[in-house]
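**Q** Here it is, the structure in full.
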Amino acid sequence: MTIPLSLTDRVALITGGSRGIGAAAVRMFAAAGARVLFNYEKARDAAERLVTELGGDRCVAIKCNLSGTETAGELVAAAVKRFGRLDILVANHGIWPPEDAPIEKMTDTQWRTTIAVNLDSVFALVKNSVAQMKKQGRSGAAAGHIVLVSSTAGQRGEAFHCDYAATKGALISMVKGLSAELADAAIYVNSVAPGWVDTDMSAAALNDPKTRDKIFQTIPLGRVGRPEEIAAPILFLCTEHAGFITGEVFNVNGGAVLSG
């Protein structure tokens, strides 16, 4: 028996949806019946192609820079204006400065930029999304689902990238606190934590033979993930089949978090 992962009549906001994990999630959510609004910052052509592929009646792309707290409310409002409600938030966007930065040489600018994009904007997205979900009330068993995309770095750290690791660890702490805070409101809060994934963000490291070999040695399954392999768990956590799951960190990293 095949059990479908259905999101019929649900509205999802997926950040960083034009490429990589975000684009894979947009496709899967739309295929499951959701109406999706996603943002992009620079990849306009990719965003427009994705909307054309999925159909403008079910999928909308908006250019929006998520750096700090100022623009998140506008993005949530845009989803509600276009589709009438908001049931799901997937905070997928983020930056990973590719150059190693020893702590004594890391600039204040790098630290603050990473915090602004990876953490401050997520706080604002969650704040505005929760307000909307509470205003709507329940639609079925749940009033809403929130999935924050963290990382193995948020659990075991990452040398020379303490800014990135700090933000991803903070997202996990947010999930744990918010899952208890929002349980009575029937808003589920979880995290998916990828390891290395074949995306534009990791391309520089994966295309360097020496770096790639070191990366593969840390992954028991011996390969990096595909964007679809991260998007599928995100989708699952937003369906009725995950109705008894909240406050969890769903590791999707080929076993890498176990061998760090």
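Naming works like this for the structure tokens: A, B, ... for the chains as they're shown, residue 1 at the start of each chain, ligands 1 onward in shown order.
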I'd like the contact shell of region 196-213 of chain A - 8 Å cut-off, only C-alpha atoms, skipping same-chain residues fewer than 5 positions apart - returned as a JSON list (two decimals) with C-alpha atoms, in the first residue's frame.
**A**
```json
[["chain", "number", "residue", "atom", "x", "y", "z"],
["A", 19, "ARG", "CA", 18.25, 26.56, -6.03],
["A", 20, "GLY", "CA", 19.59, 23.53, -4.22],
["A", 21, "ILE", "CA", 17.66, 22.15, -1.26],
["A", 95, "ILE", "CA", 25.22, 31.50, 3.99],
["A", 96, "TRP", "CA", 28.44, 29.57, 4.59],
["A", 98, "PRO", "CA", 33.74, 29.31, 2.05],
["A", 224, "VAL", "CA", 27.43, 13.66, -0.34],
["A", 225, "GLY", "CA", 23.68, 14.04, -0.35],
["A", 226, "ARG", "CA", 21.38, 15.14, -3.13],
["A", 227, "PRO", "CA", 19.04, 18.11, -2.58],
["A", 253, "ASN", "CA", 23.93, 13.41, 6.53]]
```
**Q** Quick one: which region 86-142 of chain A residues come within 8 Å of region 150-171 of chain A, and what is the nearest atom pair for each with the distance in Å to one decimal, counting only C-alpha atoms, rows ordered by chain and ascending number, as JSON lines?
**A**
```
{"residue": "A:Ile95", "atom": "CA", "partner": "A:Tyr164", "partner_atom": "CA", "distance": 7.8}
{"residue": "A:Trp96", "atom": "CA", "partner": "A:Tyr164", "partner_atom": "CA", "distance": 6.2}
{"residue": "A:Pro97", "atom": "CA", "partner": "A:His161", "partner_atom": "CA", "distance": 7.7}
{"residue": "A:Asp100", "atom": "CA", "partner": "A:Phe160", "partner_atom": "CA", "distance": 5.1}
{"residue": "A:Ala101", "atom": "CA", "partner": "A:Phe160", "partner_atom": "CA", "distance": 4.8}
{"residue": "A:Pro102", "atom": "CA", "partner": "A:Phe160", "partner_atom": "CA", "distance": 4.9}
{"residue": "A:Ile103", "atom": "CA", "partner": "A:Phe160", "partner_atom": "CA", "distance": 6.7}
{"residue": "A:Gln110", "atom": "CA", "partner": "A:Asp163", "partner_atom": "CA", "distance": 7.9}
{"residue": "A:Trp111", "atom": "CA", "partner": "A:Asp163", "partner_atom": "CA", "distance": 5.6}
{"residue": "A:Thr114", "atom": "CA", "partner": "A:Asp163", "partner_atom": "CA", "distance": 6.3}
{"residue": "A:Ile115", "atom": "CA", "partner": "A:Thr167", "partner_atom": "CA", "distance": 6.2}
{"residue": "A:Asn118", "atom": "CA", "partner": "A:Thr167", "partner_atom": "CA", "distance": 6.0}
{"residue": "A:Leu119", "atom": "CA", "partner": "A:Thr167", "partner_atom": "CA", "distance": 5.7}
```
**Q** Pull the helix (DSSP H, G or I) assignments for region 1-137 of chain A out of DSSP run on the backbone, and list those residues as a CSV table (one decimal) with N, CA and C atoms, in the first residue's frame.
**A**
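File produced: part-v4.csv:
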```csv
chain,number,residue,atom,x,y,z
A,20,GLY,N,19.2,24.5,-5.2
A,20,GLY,CA,19.6,23.5,-4.2
A,20,GLY,C,18.5,22.9,-3.4
A,21,ILE,N,18.6,22.8,-2.1
A,21,ILE,CA,17.7,22.1,-1.3
A,21,ILE,C,16.3,22.9,-1.4
A,22,GLY,N,16.4,24.2,-1.4
A,22,GLY,CA,15.1,25.0,-1.5
A,22,GLY,C,14.3,24.7,-2.7
A,23,ALA,N,14.9,24.6,-3.9
A,23,ALA,CA,14.2,24.3,-5.1
A,23,ALA,C,13.7,22.9,-5.1
A,24,ALA,N,14.4,22.0,-4.5
A,24,ALA,CA,13.9,20.6,-4.4
A,24,ALA,C,12.7,20.6,-3.5
A,25,ALA,N,12.7,21.3,-2.4
A,25,ALA,CA,11.6,21.4,-1.5
A,25,ALA,C,10.4,22.0,-2.2
A,26,VAL,N,10.6,23.1,-2.9
A,26,VAL,CA,9.5,23.7,-3.6
A,26,VAL,C,8.8,22.7,-4.6
A,27,ARG,N,9.6,22.0,-5.3
A,27,ARG,CA,9.0,21.0,-6.2
A,27,ARG,C,8.2,19.9,-5.5
A,28,MET,N,8.8,19.4,-4.4
A,28,MET,CA,8.1,18.4,-3.7
A,28,MET,C,6.8,18.8,-3.0
A,29,PHE,N,6.9,20.0,-2.4
A,29,PHE,CA,5.7,20.6,-1.8
A,29,PHE,C,4.6,20.8,-2.8
A,30,ALA,N,4.9,21.3,-4.0
A,30,ALA,CA,3.9,21.6,-5.0
A,30,ALA,C,3.4,20.2,-5.5
A,31,ALA,N,4.2,19.2,-5.7
A,31,ALA,CA,3.7,17.9,-6.1
A,31,ALA,C,2.8,17.3,-5.1
A,44,ARG,N,17.4,35.2,-10.1
A,44,ARG,CA,16.1,35.5,-10.7
A,44,ARG,C,15.7,34.5,-11.8
A,45,ASP,N,16.7,34.2,-12.7
A,45,ASP,CA,16.3,33.3,-13.8
A,45,ASP,C,15.9,32.0,-13.3
A,46,ALA,N,16.7,31.4,-12.4
A,46,ALA,CA,16.3,30.1,-11.8
A,46,ALA,C,15.0,30.1,-11.2
A,47,ALA,N,14.7,31.2,-10.4
A,47,ALA,CA,13.4,31.3,-9.8
A,47,ALA,C,12.2,31.4,-10.8
A,48,GLU,N,12.4,32.1,-11.8
A,48,GLU,CA,11.4,32.3,-12.8
A,48,GLU,C,11.2,30.9,-13.6
A,49,ARG,N,12.2,30.2,-13.8
A,49,ARG,CA,12.1,28.9,-14.5
A,49,ARG,C,11.3,27.9,-13.6
A,50,LEU,N,11.5,28.0,-12.3
A,50,LEU,CA,10.8,27.1,-11.4
A,50,LEU,C,9.4,27.4,-11.3
A,51,VAL,N,9.0,28.7,-11.3
A,51,VAL,CA,7.6,29.1,-11.3
A,51,VAL,C,6.9,28.6,-12.6
A,52,THR,N,7.6,28.8,-13.7
A,52,THR,CA,7.1,28.4,-15.0
A,52,THR,C,6.8,26.9,-15.0
A,53,GLU,N,7.8,26.2,-14.5
A,53,GLU,CA,7.7,24.7,-14.4
A,53,GLU,C,6.5,24.2,-13.6
A,54,LEU,N,6.3,24.9,-12.5
A,54,LEU,CA,5.2,24.4,-11.5
A,54,LEU,C,3.9,25.1,-11.7
A,72,ALA,N,11.4,40.1,6.9
A,72,ALA,CA,10.7,38.8,7.1
A,72,ALA,C,9.2,39.0,7.1
A,73,GLY,N,8.7,40.1,7.8
A,73,GLY,CA,7.3,40.3,7.9
A,73,GLY,C,6.7,40.5,6.5
A,74,GLU,N,7.4,41.2,5.6
A,74,GLU,CA,6.9,41.5,4.3
A,74,GLU,C,6.7,40.2,3.5
A,75,LEU,N,7.6,39.2,3.7
A,75,LEU,CA,7.6,38.0,3.0
A,75,LEU,C,6.4,37.1,3.5
A,76,VAL,N,6.2,37.1,4.8
A,76,VAL,CA,5.0,36.4,5.3
A,76,VAL,C,3.7,37.0,4.8
A,77,ALA,N,3.7,38.3,4.9
A,77,ALA,CA,2.5,39.1,4.4
A,77,ALA,C,2.2,38.8,2.9
A,78,ALA,N,3.3,38.7,2.1
A,78,ALA,CA,3.1,38.4,0.7
A,78,ALA,C,2.5,37.0,0.5
A,79,ALA,N,2.9,36.0,1.3
A,79,ALA,CA,2.3,34.7,1.2
A,79,ALA,C,0.8,34.7,1.5
A,80,VAL,N,0.5,35.4,2.6
A,80,VAL,CA,-0.9,35.5,3.0
A,80,VAL,C,-1.8,36.3,2.0
A,81,LYS,N,-1.2,37.3,1.4
A,81,LYS,CA,-1.9,38.1,0.4
A,81,LYS,C,-2.2,37.3,-0.8
A,82,ARG,N,-1.2,36.5,-1.2
A,82,ARG,CA,-1.3,35.7,-2.5
A,82,ARG,C,-2.2,34.5,-2.3
A,83,PHE,N,-2.1,33.8,-1.2
A,83,PHE,CA,-2.8,32.5,-1.0
A,83,PHE,C,-3.8,32.5,0.1
A,108,ASP,N,34.8,41.1,12.3
A,108,ASP,CA,33.5,41.4,12.9
A,108,ASP,C,32.4,41.5,11.8
A,109,THR,N,32.8,41.9,10.6
A,109,THR,CA,31.8,42.0,9.6
A,109,THR,C,31.3,40.6,9.2
A,110,GLN,N,32.3,39.6,9.0
A,110,GLN,CA,31.8,38.3,8.7
A,110,GLN,C,30.9,37.7,9.8
A,111,TRP,N,31.3,37.9,11.0
A,111,TRP,CA,30.5,37.3,12.1
A,111,TRP,C,29.1,37.9,12.1
A,112,ARG,N,29.0,39.2,12.0
A,112,ARG,CA,27.7,39.9,12.0
A,112,ARG,C,26.9,39.6,10.8
A,113,THR,N,27.5,39.4,9.7
A,113,THR,CA,26.7,39.1,8.4
A,113,THR,C,26.2,37.7,8.5
A,114,THR,N,27.0,36.7,9.0
A,114,THR,CA,26.5,35.4,9.1
A,114,THR,C,25.3,35.3,10.1
A,115,ILE,N,25.5,36.0,11.3
A,115,ILE,CA,24.4,36.0,12.3
A,115,ILE,C,23.1,36.6,11.7
A,116,ALA,N,23.3,37.7,11.0
A,116,ALA,CA,22.1,38.4,10.4
A,116,ALA,C,21.3,37.6,9.5
A,117,VAL,N,22.0,36.9,8.6
A,117,VAL,CA,21.3,36.0,7.6
A,117,VAL,C,20.8,34.7,8.2
A,118,ASN,N,21.7,34.0,8.9
A,118,ASN,CA,21.4,32.7,9.3
A,118,ASN,C,20.5,32.6,10.6
A,119,LEU,N,20.5,33.7,11.4
A,119,LEU,CA,19.8,33.6,12.7
A,119,LEU,C,18.8,34.7,12.8
A,120,ASP,N,19.2,36.0,12.7
A,120,ASP,CA,18.3,37.1,12.9
A,120,ASP,C,17.1,37.0,12.0
A,121,SER,N,17.3,36.7,10.8
A,121,SER,CA,16.2,36.7,9.8
A,121,SER,C,15.2,35.5,10.1
A,122,VAL,N,15.8,34.4,10.6
A,122,VAL,CA,15.0,33.2,10.9
A,122,VAL,C,14.1,33.6,12.1
A,123,PHE,N,14.7,34.2,13.1
A,123,PHE,CA,13.9,34.7,14.3
A,123,PHE,C,12.7,35.5,13.8
A,124,ALA,N,12.9,36.5,12.9
A,124,ALA,CA,11.8,37.3,12.4
A,124,ALA,C,10.8,36.5,11.6
A,125,LEU,N,11.3,35.6,10.8
A,125,LEU,CA,10.3,34.7,10.0
A,125,LEU,C,9.4,33.9,10.9
A,126,VAL,N,10.0,33.3,11.9
A,126,VAL,CA,9.3,32.5,12.9
A,126,VAL,C,8.3,33.4,13.6
A,127,LYS,N,8.7,34.5,14.1
A,127,LYS,CA,7.9,35.5,14.8
A,127,LYS,C,6.6,35.8,14.0
A,128,ASN,N,6.8,36.2,12.8
A,128,ASN,CA,5.7,36.7,12.0
A,128,ASN,C,4.8,35.5,11.5
A,129,SER,N,5.4,34.3,11.3
A,129,SER,CA,4.7,33.2,10.8
A,129,SER,C,3.8,32.6,12.0
A,130,VAL,N,4.4,32.6,13.2
A,130,VAL,CA,3.6,32.1,14.3
A,130,VAL,C,2.4,33.0,14.6
A,131,ALA,N,2.6,34.3,14.5
A,131,ALA,CA,1.5,35.2,14.7
A,131,ALA,C,0.4,35.0,13.7
A,132,GLN,N,0.7,34.7,12.4
A,132,GLN,CA,-0.3,34.4,11.4
A,132,GLN,C,-1.0,33.1,11.7
A,133,MET,N,-0.2,32.1,12.0
A,133,MET,CA,-0.8,30.7,12.3
A,133,MET,C,-1.7,30.8,13.5
A,134,LYS,N,-1.4,31.5,14.5
A,134,LYS,CA,-2.2,31.6,15.7
A,134,LYS,C,-3.5,32.4,15.3
A,135,LYS,N,-3.4,33.4,14.5
A,135,LYS,CA,-4.6,34.1,14.1
A,135,LYS,C,-5.5,33.3,13.3
A,136,GLN,N,-5.0,32.4,12.5
A,136,GLN,CA,-5.9,31.5,11.6
A,136,GLN,C,-6.5,30.4,12.5
```
**Q** Check the smallest atom-to-atom distance from each of A:Glu104, A:Glu41, A:Asp9, A:Glu99 to Arg85 (chain A) using only C-alpha atoms, then report the winner.
**A**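 Smallest separation from Arg85 (chain A) among the options: A:Asp9.
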**Q** Distance CA of Leu178 (chain A)-CA of Thr69 (chain A), one decimal place?
**A**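 So the two atoms, CA of Leu178 (chain A) and CA of Thr69 (chain A), lie 18.2 Å apart.
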**Q** Which is closer to Asp87 (chain A) than all the others in A:Arg58, A:Gly16, A:Glu70, A:Thr239, using only C-alpha atoms?
**A**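 Residue with the minimum atom-to-atom distance to Asp87 (chain A): A:Thr239.
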**Q** Between CA of Lys176 (chain A) and CA of Val252 (chain A), what distance in Å does the model show, to one decimal?
**A**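 Rounded to one decimal, the two atoms are 18.1 Å apart.
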**Q** Using only C-alpha atoms, which protein or nucleic acid residues come within 9 Å of Val175 (chain A)? Drop anything in the same chain fewer than 3 positions from it, and give the result as a count of residues only.
**A** 16
**Q** Quick one: pull the distance between CA of Ala91 (chain A) and CA of Thr107 (chain A), Å, one decimal.
**A**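 Going from CA of Ala91 (chain A) over to CA of Thr107 (chain A), I get 25.9 Å.
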**Q** From the list A:Ile187, A:Leu89, A:Val192, A:Ile62, which residue is nearest Val11 (chain A) when using only C-alpha atoms?
**A** A:Leu89
**Q** Taking only region 59-157 of chain A into account, list the residues labelled strand (DSSP E) by DSSP (computed from the backbone), as a PyMOL selection string.
**A** chain A and resi 59-63+88-91+144-149
**Q** Might you pull out every residue within 6 Å of Leu13 (chain A), with only C-alpha atoms counted and same-chain residues fewer than 4 positions away left off, and present them as a PyMOL selection string?
**A** chain A and resi 36-38+89
**Q** Write the selection just made, keeping N, CA and C atoms, as a compact mmCIF listing (two decimals), in the first residue's frame?
**A**
```txt
# COMPACT_ATOMS: atom_id res chain seq x y z
N VAL A 36 2.81 27.31 -2.91
CA VAL A 36 4.12 27.67 -2.36
C VAL A 36 4.54 29.07 -2.79
N LEU A 37 4.99 29.84 -1.83
CA LEU A 37 5.69 31.09 -2.12
C LEU A 37 7.12 30.94 -1.64
N PHE A 38 8.07 31.26 -2.48
CA PHE A 38 9.47 31.20 -2.07
C PHE A 38 10.18 32.49 -2.44
N LEU A 89 6.11 27.03 7.39
CA LEU A 89 7.32 27.82 7.16
C LEU A 89 8.51 26.87 7.11
```
**Q** Which residue, A:Ala142, A:Thr15, A:Pro233, A:Gly195, has the smallest gap to Ala256 (chain A) when you use only C-alpha atoms?
**A**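 Among A:Ala142, A:Thr15, A:Pro233, A:Gly195, it is A:Gly195 that comes nearest to Ala256 (chain A).
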